[in-house]
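Q: First the structure, then my questions, so here it is.
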Amino acid sequence: MTADSASINLTHHFLIAMPGLEDEAFAKSVVYVCEHSERGALGLVINKPGELSMEGLFQKVDLPLHRQDLMNAPVLQGGPVHTERGFVLHDAMLVDVPAQEDAVEAAQEDDTEAAQEDDTEAAQEAEALSAVSHKESVYASTMTIPGGLEMTTSKDVLEALSMGAGPKRVLISLGYSAWGEGQLESELAENSWLTVGADTAVIFDTPVEQRYERAMKLLGLESWMLSSEVGHS
């Protein structure tokens, strides 16, 4: 592993399989990296459709699907890990959560001017704190990904989609892809993958069969230009 590959963070990037990568799960695949750290990496293959449509998946979990735009979309094979579980990649759905307001206890017996000034400052500070908020996902079990996306594994996102609501742009996969500590960096050093910053239009707005070529074009490449000896970006 080189020093450069050890320090790079590929969260919200695409991994594009090189021609020499012959593993059945990853040959000619595009993987969206949801998380990458010194502990390893996690991602979803975005261009390998399975046998189920989204309508079929919802039938299997006893939910109707009132989103006509998703009915015929394929459920993807996200990777070889936990292939019995669903993983939903979607636009971030965040709500403001107010910070807990600090209690301000007024002095009962200290009537000095200094004490009154302290109370006023404390009250102003508490008022400012109560206005501060942070954002959390509306779903119970969600990974927030830098770049404006989330990956959710809880059923509540399916229930929202079932009712015709939920995130506008959605990709559902069965299974995910994972690399242990240093594993992805080693594969990069072996020229198994090209890497490029992710474009959400490739994930959500491009037909599945065109995603490999579209991801290549983000690097100014065509697949015919590559051989198994070409290095990664």
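By convention here, the chains of the structure tokens are called A, B, ... in the order presented, each chain's residues are numbered starting at 1, and ligands are numbered starting at 1 in the order presented.
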With a cut-off of 12 Å, could you pull out the residues of segment 141-161 of chain A touching segment 192-215 of chain A and give me the nearest pair of atoms for each, distance in Å to one decimal, using only C-alpha atoms, ordered by chain and ascending number, as a Markdown table?

A:
| residue | atom | partner | partner_atom | distance |
| --- | --- | --- | --- | --- |
| A:Ile145 | CA | A:Ala198 | CA | 11.6 |
| A:Pro146 | CA | A:Ala198 | CA | 10.9 |
| A:Gly147 | CA | A:Ala198 | CA | 8.6 |
| A:Gly148 | CA | A:Thr200 | CA | 9.2 |
| A:Leu149 | CA | A:Thr200 | CA | 8.7 |
| A:Glu150 | CA | A:Thr200 | CA | 11.9 |

Q: Can you pull out every residue within 9 Å of Lys48 of chain A, counting only C-alpha atoms, but drop anything in the same chain fewer than 4 positions away, and send it as number ranges by chain?

A: A: 25, 29-30, 75-78, 208-209

Q: Could the residues in this selection be saved with C-alpha atoms as a PDB file, in the first residue's frame?

A:
ATOM      1  CA  ALA A  25     -19.636  -9.988  -7.821  1.00  0.00           C
ATOM      2  CA  SER A  29     -19.213  -3.035 -11.731  1.00  0.00           C
ATOM      3  CA  VAL A  30     -19.606   0.491 -10.428  1.00  0.00           C
ATOM      4  CA  VAL A  75     -33.731  -4.088  -7.142  1.00  0.00           C
ATOM      5  CA  LEU A  76     -29.951  -4.246  -7.443  1.00  0.00           C
ATOM      6  CA  GLN A  77     -27.349  -6.724  -6.239  1.00  0.00           C
ATOM      7  CA  GLY A  78     -25.453  -4.373  -3.958  1.00  0.00           C
ATOM      8  CA  VAL A 208     -28.696   0.635 -15.099  1.00  0.00           C
ATOM      9  CA  GLU A 209     -27.080  -0.781 -18.240  1.00  0.00           C
TER      10      GLU A 209
END

Q: Please measure the separation of atom CA of Trp179 of chain A and atom CA of Met143 of chain A, giving the value in Å to one decimal.

A: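 Separation between atom CA of Trp179 of chain A and atom CA of Met143 of chain A: 17.1 Å.
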
Q: When you draw a straight line from atom CA of Glu159 of chain A to atom CA of Tyr139 of chain A, how long is it in Å?

A: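 Between these atoms lies a distance of 10.5 Å.
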
Q: Just to confirm, what's the straight-line distance from atom CA of Leu218 of chain A to atom CA of His90 of chain A in Å (one decimal)?

A: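 For atom CA of Leu218 of chain A relative to atom CA of His90 of chain A, the distance reads 21.1 Å.
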
Q: Restricting the calculation to only C-alpha atoms: of A:Ala17, A:Ile172, A:Leu219, A:Leu65, which residue gets closest to Ala160 of chain A?

A: A:Leu65

Q: Any chance you could list, as a PyMOL selection string, the residues in segment 145-216 of chain A that come up strand (DSSP E) when DSSP is run on the backbone?

A: chain A and resi 145+149-152+170-179+193-197

Q: Closest to Thr83 of chain A among A:Gly50, A:Gly56, A:Pro167, A:Gly175, using only C-alpha atoms?

A: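 Among the listed residues, A:Gly175 lies closest to Thr83 of chain A.
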